[in-house]
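Undergrad: Before I ask anything, here is the structure I am working with.
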Amino acid sequence: MPLSVGNRWTIQPANHKIINEYLCTQRYKDKPFYMIRKPLSILAASLAAVTLTAAPAASDTNFGQVAMHVAYMLQSQHYSHRDFDDELSAKLLQNYLNLLDFKHVFFTQEDVDGFKANYETTLDDQVLMRNISPAIEIYDIYKKRVEERIAFIKKTLDSHKFTFDSDRKVELKRDKAPYPKNVAEQDKLWLDILEDNMLQEKLIDEAKAEEAKKKAEKAAKKAAEKPADSAAKKPEGEVKKEVANEDKEKDLTPQQRVMKDYDRLIESINENDQETVVDYFLSCLSSAYDPHTEYMSVQETDSFNIQMKHKLVGIGALLGVVDDVAQIQGIVVGGPADKQGDLTLNDKITGVAQGDAEFVETKYMKLQKIVDMIRGKEGSIVRMRVNPAADPTTTKIVTITRGPVELKEKLANAELLLTPSELGKPLKVGWINLSSFYADMEDGTVSTTDDVQRLLSRLMKESIDGLVLDLRGNGGGSLEEAIRLTGLFVPSGPVVQAKDWRGTISFRECENEKAFYSGPMIVLTDKTSASASEILAAALQDYHRALIVGDKSTFGKGTVQTILPVERFMPFFAKKDRAGNLKVTIQKFYRIAGGSTQLKGVEPELVLPSIRDVLDIGEGSAENPLPYDTIPAQKYNLFTKNPLPIEELRKRMEERIKANPEFQNVIDESKRLKERIDRNTLSLNLAEREKDSKEAKQRREKQEAEREARAKEITAKIKDGGFKTYHLTLDNVDKADLVPESAFSREQSTGMRMAKKSDDEDAEPEGSQFPYGIEPVKFETVNILRDFLELSTKTPTTAKAEEKK
C-alpha cells in the first residue's frame with residue numbers, strides 16, 4: 001500500500017527499501033531516432049541514429065540475469081500483474097524491431113519473417129532462462145543491414161544522377177508501412193530516400209544563398225547609414241574563424257554532406273556494446289506492458305535524477321559538438337567552471353583526464369560520453385585539454401574541482417504584467433511559469449511548491465488582481481509536489497485518487513487549513529501538459545477553483561510509476577553493479593470527481609486554437625496505453641457555490657478569436673498541416689517543392705508584414721507603451737525593486753552565460769513583435785481573466801437584470 005512518509009509519496013514492497021514514487025512522462029533515453037539535420041528533410045525518414053553511450057568495459061554485470069529479474073519484476077510489480085507470455089513475447093519483438101528500424105527501411109520482410117519464426121513466441125522463454133542472445137543476434141543483423149545500406153548509399157551517391165523532375169513521391173511516416181519484401185525492393189525505396197536527401201540539400205543551398213544575399217544587402221545598408229570609423233568591428237581572429245567555418249561547409253558537396261550523416265550513423269552504432277543493446281531490449285520489454293513502464297540504465301537513472309532535482313555535480317558547463325569536437329557553449333553562473341575562471345565560451349575540449357590520470361582523447365567521441373567523463377563526485381578533480389577560443393592554435397590544461405551545479409533555467413519563475421489602460425481598467429496580473437514538478441526525493445532540499453510559494457508571496461505583495469499558472473509544456477514530475485501545490489489554492493481536502501492492481505482505492509489530500517492564495521485564477525495548459533500537471537489541473541477544475549484554458553485536452557497520462565532498483569531483486573552474490581532500475585506502473589490515478597485523466601486528459605472549459613491539436617501527441621498515440629475507466633467520487637466541498645460563468649466567457653472569447661488574425665492564422669495553418677499529415681507524402685520534383693516552399697514563404701512573410709503593421713498601428717494609439725512586464729526569479733524575488741523586462745537578461749533567466757551563435761541573436765523578448773508586445777495566447781488569457789474578474793463580481797441576480805435591460 002502507498003504510504004505517506006514525511007513529505008514523500010512512497011511505496012514499500014516486501015523485499016526492498018522504501019523507494020520514492022513519482023509521476024512523469026518525460027523520457028530520458030536517447031533511443032534510436034531518425035536524425036533531422038535540416039528542417040523538413042526526408043533524411044528524417046532515412047536515418048536511425050543510436051546515441052546511447054557504451055558502458056565501462058570493466059563491468060562484469062551479468063545482463064542475462066538482469067533481464068530475467070526485470071521480467072519477473074514486471075510480472076509481480078506492474079499494475080496489470082500480467083504474465084510474460086507468448087503474446088507479450090510477440091509485442092517485445094515488434095517493439096524491438098520498431099525501435100531499431102521504426103521507419104521500416106533497413107530490415108526487409110524476409111528478415112522480419114525470420115525473426116518471427118525464431119522468436120515471436122519464444123522470447124519470453126529465452127529471457128526467463130537468462131538468455132539475451134536473441135537481442136544480440138537481432139542487433140548484429142540490424143548493424144549488418146545498416147552497413148549494407150551505407151555501402152549502397154555510397155555507391156549510389158557516387159554514380160547516380162538525380163534529376164528531380166519525376167512525378168514520384170516519398171512516404172514521410174513509415175512506422176506502419178510494410179517492410180520492403182527483399183533487397184531489390186529495398187534498393188528502389190532507398191533511391192527515393194536518397195533523391196529526397198539530395199533534393200533537400202539543394203533547397204537548403206538555395207535558401208542559404210538567398211539569406212546571404214539579404215544579409216549582404218542589410219550590411220551594405222547599415223554601412224551606408226553610419227560613418228566608416230563608427231561601425232562596430234569584430235576582432236580579426238573572430239572574423240577569420242567564421243570565414244573558416246563557412247568555407248569548410250561550402251567545400252562539402254551535397255553528396256558529401258548526405259554521406260557524412262550516414263557515416264555518423266554507423267559510427268554511432270559501432271560504439272554500442274552489450275549493455276546498450278540490453279538496455280534497448282529491456283526497454284522494449286517494459287513498454288510492452290504500457291508506454292510509461294521503462295527499464296533505465298545507470299546512466300539514464302542519473303539523468304533522470306538530474307532532471308528531477310534540477311541540480312548535478314560537475315563543472316557547470318554546457319557542451320555542444322562543432323566539427324566533431326566538444327565545445328563550451330554555456331557556463332553556469334556561480335558554478336565551478338565560472339569560479340575557476342579558465343574556461344571561456346567557445347573553447348574546444350580535445351581531452352579529459354581524471355585527477356592525475358592520463359588524458360583520454362575526446363575528438364569524435366559521443367557528446368554524452370564526454371559529459372559523463374567530466375561529471376563526477378563532489379570534490380574530485382577533472383582536467384581538460386583545451387583549445388582556447390581566443391587562439392585555437394594553442395593548447396592549455398584547465399583543472400577544475402567538481403562541485404554542485406544548480407540548473408536554474410527550468411525552475412519556477414514568474415512575471416508581473418501591468419495591462420495598458422486602452423484595454424480597460426488597468427490590471428495587475430501574476431503569471432507563474434512552471435515547466436515541471438521537480439523535487440529532491442532523497443534529501444528534500446528542492447521543492448516546486450516552496451519555490452512557487454515564494455513567487456506567489458511576492459505577487460500577492462504587489463496586489464495582483466488575478467493569477468495565471470502556466471503549465472504549458474509541463475510533462476509532470478513529483479506526485480507529492482502536485483498535491484502540495486494544489487494545497488496553495490484550495491483548503492484541506494482530497495486532491496487525487498489511486499487504484500492498484502487489486503482494485504484497492506486510496507486517496508491523497510492536501511492538509512493545509514486554508515488556501516494560501518484565494519483570488520481569481522486561470523490554469524493554462526496544452527497537449528504536452530501531462531501527469532502531475534493533469535492532477536493539479538483536474539483537482540482545481542473539480543473544485544471549481546480555477547478556469548482551465550488551453551488546447552482541446554492535456555496529454556492523457558493517468559498512471560503512477562515507481563522506480564525499483566533491479567539489483568535489490570537479484571541474489572546477494574550476483575554481479576549487479578550496473579543492473580539499472582525499472583520504472584514500473586503500479587497504479588492508475590483518478591480525479592476526485594471519479595473520472596480518469598488516462599487517455600482523455602483534462603479538457604479545458606475554454607479552448608484556444610492550437611497547432612498541437614492536429615499533431616500525433618498524447619497518450620492515445622502511444623503503443624499499449626492502459627484503458628480509461630472511472631471509480632466513485634470522493635466527498636469534497638466546492639471552492640465557490642456560485643457557478644463559473646463559462647458560457648459568457650466562451651462567447652466573449654470566441655468573438656475575440658474570430659477578430660484576431662493571429663488565431664485565424666493558427667486555424668488556417670492547422671488545416672494545412674492536417675492535410676499534409678493525412679497525405680503523408682512528399683514530392684521528389686524540384687519544381688513542385690520550390691513552389692510549395694515559395695508559397696509557404698510568401699504566406700509567412702505576408703503574416704509577418706500584417707503583424708508588424710498591426711503592431712505599429714496599436715503602438716501609435718497607446719499612450720503608456722503597452723504591457724509592462726516585470727520578471728521574478730528565485731534569485732531576485734526577495735529584492736526590493738522589481739526587474740523590468742528591458743533590464744532582464746538571458747543570463748538572469750537561465751543562470752547561464754551562453755555563446756552567441758549569430759550576429760542577429762540579440763533577440764527581442766518573446767512576443768515583442770506582436771501587438772501590445774505580448775504573444776497571442778498570453779494576450780487572450782489576460783483578456784479571459786479580465787472577463788472572469790468582471791463576471792465574477794456580478795451576482796446571478798445582477799447579471800439577469802442586465803440581460804433584461
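Scheme for the C-alpha cells: letters A, B, ... for chains in order shown; per-chain residue numbers from 1; ligand numbers from 1 in order shown.
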Could you pull out the residues in region 639-738 of chain A that DSSP calls helix (DSSP H, G or I) from the backbone, as a PyMOL selection string?
TA: chain A and resi 646-659+661-679+686-717
Undergrad: Would you please give, as a VMD selection string, all residues of region 534-775 of chain A that DSSP assigns to strand (DSSP E or B) based on the backbone?
TA: chain A and resid 547 to 550 559 to 565 581 to 590 596 606 to 607 681 to 683 724 to 728 739 to 740 752 to 754
Undergrad: May I have the residues within 8 Å of region 699-707 of chain A as a list in words, using only C-alpha atoms and disregarding those fewer than 3 positions away in the same chain?
TA: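 Selected residues are Asn665, Glu695, Ala696, Arg710, Ala711, Gln769, Phe770 and Pro771 of chain A.
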Undergrad: In Å, rounded to a single decimal, give me how far CA of Leu74 (chain A) is from CA of Thr61 (chain A).
TA: 20.0 Å
Undergrad: What's the 9 Å shell around Val66 (chain A), counting only C-alpha atoms, without same-chain residues fewer than 6 positions away, as a list in words?
TA: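 Result of the neighbour search: Arg130, Val566, Glu567, Met570, Lys576, Ala579 and Gly580 of chain A.
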Undergrad: Please indicate the distance in Å from CA of Val105 (chain A) to CA of Glu294 (chain A), rounded to one decimal place.
TA: 25.7 Å
Undergrad: Which residue is closest to Met365 (chain A)? Choose from A:Arg264, A:Lys717, A:Lys377, A:Arg786 and count only C-alpha atoms.
TA: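 Nearest candidate to Met365 (chain A) out of A:Arg264, A:Lys717, A:Lys377, A:Arg786: A:Arg264.
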Undergrad: If we count only C-alpha atoms and set the cut-off at 12 Å, which residues sit around Gln256 (chain A), ignoring sequence neighbours fewer than 4 positions away in its own chain? Please answer as an MDAnalysis selection string.
TA: chainID A and resid 153:154 157:158 197:198 201 248:252 260:263
Undergrad: Skip Asp124 (chain A) itself and residues of its chain fewer than 6 positions away, then list as a VMD selection string all residues within 10 Å of it, counting only C-alpha atoms.
TA: chain A and resid 68 71 83 to 90 92 131 285
Undergrad: May I have the residues from that selection written out with all heavy atoms, as a short mmCIF file (atom, residue, chain, number, x, y, z; two decimals), in the first residue's frame?
TA:
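Resulting contents of result-v3.cif:
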```cif
data_model
loop_
_atom_site.label_atom_id
_atom_site.label_comp_id
_atom_site.auth_asym_id
_atom_site.auth_seq_id
_atom_site.Cartn_x
_atom_site.Cartn_y
_atom_site.Cartn_z
N MET A 68 16.37 -11.46 -16.76
CA MET A 68 15.44 -12.39 -16.11
C MET A 68 14.74 -11.71 -14.94
O MET A 68 13.51 -11.81 -14.80
CB MET A 68 16.20 -13.62 -15.61
CG MET A 68 15.30 -14.62 -14.87
SD MET A 68 16.22 -15.93 -14.03
CE MET A 68 16.92 -15.01 -12.65
N ALA A 71 12.15 -9.22 -16.00
CA ALA A 71 10.92 -9.89 -16.44
C ALA A 71 10.07 -10.31 -15.23
O ALA A 71 8.85 -10.12 -15.22
CB ALA A 71 11.26 -11.11 -17.29
N ASP A 83 1.32 -12.06 -16.81
CA ASP A 83 2.44 -12.96 -17.07
C ASP A 83 3.16 -12.56 -18.35
O ASP A 83 2.54 -12.08 -19.31
CB ASP A 83 1.95 -14.40 -17.21
CG ASP A 83 1.54 -15.01 -15.87
OD1 ASP A 83 1.98 -14.46 -14.83
OD2 ASP A 83 0.79 -16.00 -15.87
N PHE A 84 4.46 -12.77 -18.37
CA PHE A 84 5.27 -12.58 -19.57
C PHE A 84 5.08 -13.83 -20.43
O PHE A 84 5.79 -14.81 -20.30
CB PHE A 84 6.73 -12.38 -19.16
CG PHE A 84 7.67 -12.11 -20.31
CD1 PHE A 84 7.22 -11.65 -21.53
CD2 PHE A 84 9.04 -12.33 -20.14
CE1 PHE A 84 8.10 -11.41 -22.58
CE2 PHE A 84 9.93 -12.10 -21.17
CZ PHE A 84 9.45 -11.64 -22.40
N ASP A 85 4.07 -13.77 -21.31
CA ASP A 85 3.68 -14.94 -22.08
C ASP A 85 4.00 -14.75 -23.56
O ASP A 85 4.70 -13.81 -23.95
CB ASP A 85 2.19 -15.23 -21.88
CG ASP A 85 1.32 -14.01 -22.20
OD1 ASP A 85 1.82 -13.05 -22.85
OD2 ASP A 85 0.13 -14.00 -21.82
N ASP A 86 3.46 -15.67 -24.40
CA ASP A 86 3.76 -15.62 -25.83
C ASP A 86 3.25 -14.33 -26.48
O ASP A 86 3.88 -13.79 -27.39
CB ASP A 86 3.12 -16.83 -26.53
CG ASP A 86 3.85 -18.13 -26.21
OD1 ASP A 86 4.89 -18.05 -25.53
OD2 ASP A 86 3.36 -19.19 -26.62
N GLU A 87 2.09 -13.84 -26.01
CA GLU A 87 1.55 -12.61 -26.59
C GLU A 87 2.49 -11.43 -26.33
O GLU A 87 2.75 -10.61 -27.21
CB GLU A 87 0.16 -12.33 -26.03
CG GLU A 87 -0.51 -11.12 -26.67
CD GLU A 87 -1.91 -10.87 -26.13
OE1 GLU A 87 -2.45 -11.75 -25.43
OE2 GLU A 87 -2.46 -9.78 -26.41
N LEU A 88 2.98 -11.34 -25.09
CA LEU A 88 3.92 -10.27 -24.77
C LEU A 88 5.27 -10.50 -25.44
O LEU A 88 5.98 -9.54 -25.76
CB LEU A 88 4.11 -10.16 -23.26
CG LEU A 88 3.01 -9.39 -22.52
CD1 LEU A 88 3.24 -9.41 -21.02
CD2 LEU A 88 2.94 -7.95 -23.01
N SER A 89 5.62 -11.74 -25.68
CA SER A 89 6.84 -12.04 -26.43
C SER A 89 6.75 -11.45 -27.83
O SER A 89 7.72 -10.84 -28.32
CB SER A 89 7.04 -13.56 -26.52
OG SER A 89 8.14 -13.88 -27.35
N ALA A 90 5.59 -11.59 -28.46
CA ALA A 90 5.39 -11.03 -29.80
C ALA A 90 5.45 -9.50 -29.76
O ALA A 90 6.03 -8.86 -30.65
CB ALA A 90 4.05 -11.49 -30.37
N LEU A 92 7.12 -7.72 -27.55
CA LEU A 92 8.52 -7.39 -27.31
C LEU A 92 9.31 -7.40 -28.62
O LEU A 92 10.07 -6.46 -28.91
CB LEU A 92 9.13 -8.38 -26.32
CG LEU A 92 10.66 -8.41 -26.22
CD1 LEU A 92 11.21 -7.04 -25.84
CD2 LEU A 92 11.10 -9.47 -25.20
N ASN A 131 18.71 -15.86 -21.04
CA ASN A 131 19.36 -15.87 -22.35
C ASN A 131 19.00 -14.60 -23.12
O ASN A 131 17.86 -14.40 -23.52
CB ASN A 131 18.90 -17.10 -23.15
CG ASN A 131 19.57 -17.17 -24.51
OD1 ASN A 131 20.57 -16.48 -24.77
ND2 ASN A 131 19.03 -18.00 -25.38
N LEU A 285 10.84 -4.57 -23.73
CA LEU A 285 10.04 -5.47 -22.91
C LEU A 285 9.16 -4.67 -21.95
O LEU A 285 7.96 -4.95 -21.82
CB LEU A 285 10.97 -6.39 -22.11
CG LEU A 285 10.32 -7.23 -20.99
CD1 LEU A 285 9.20 -8.10 -21.54
CD2 LEU A 285 11.37 -8.05 -20.26
#
```
Undergrad: Just checking: using only C-alpha atoms, which residue out of A:Pro645, A:Pro426, A:Gly475, A:Pro609 ends up closest to Lys671 (chain A)?
TA: A:Pro609
Undergrad: In Å to one decimal, how far is CA of Leu488 (chain A) from CA of Asn512 (chain A)?
TA: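 Computed distance, CA of Asn512 (chain A) to CA of Leu488 (chain A), equals 8.0 Å.
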Undergrad: Which residue out of A:Glu790, A:Asp279, A:Glu271, A:Glu741 has the minimum interatomic distance to Leu649 (chain A) when only C-alpha atoms are used?
TA: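 Smallest separation from Leu649 (chain A) among the options: A:Glu790.
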Undergrad: Counting only C-alpha atoms, which residue out of A:Gly330, A:Leu684, A:Arg508, A:Leu423 sits closest to Glu747 (chain A)?
TA: A:Gly330
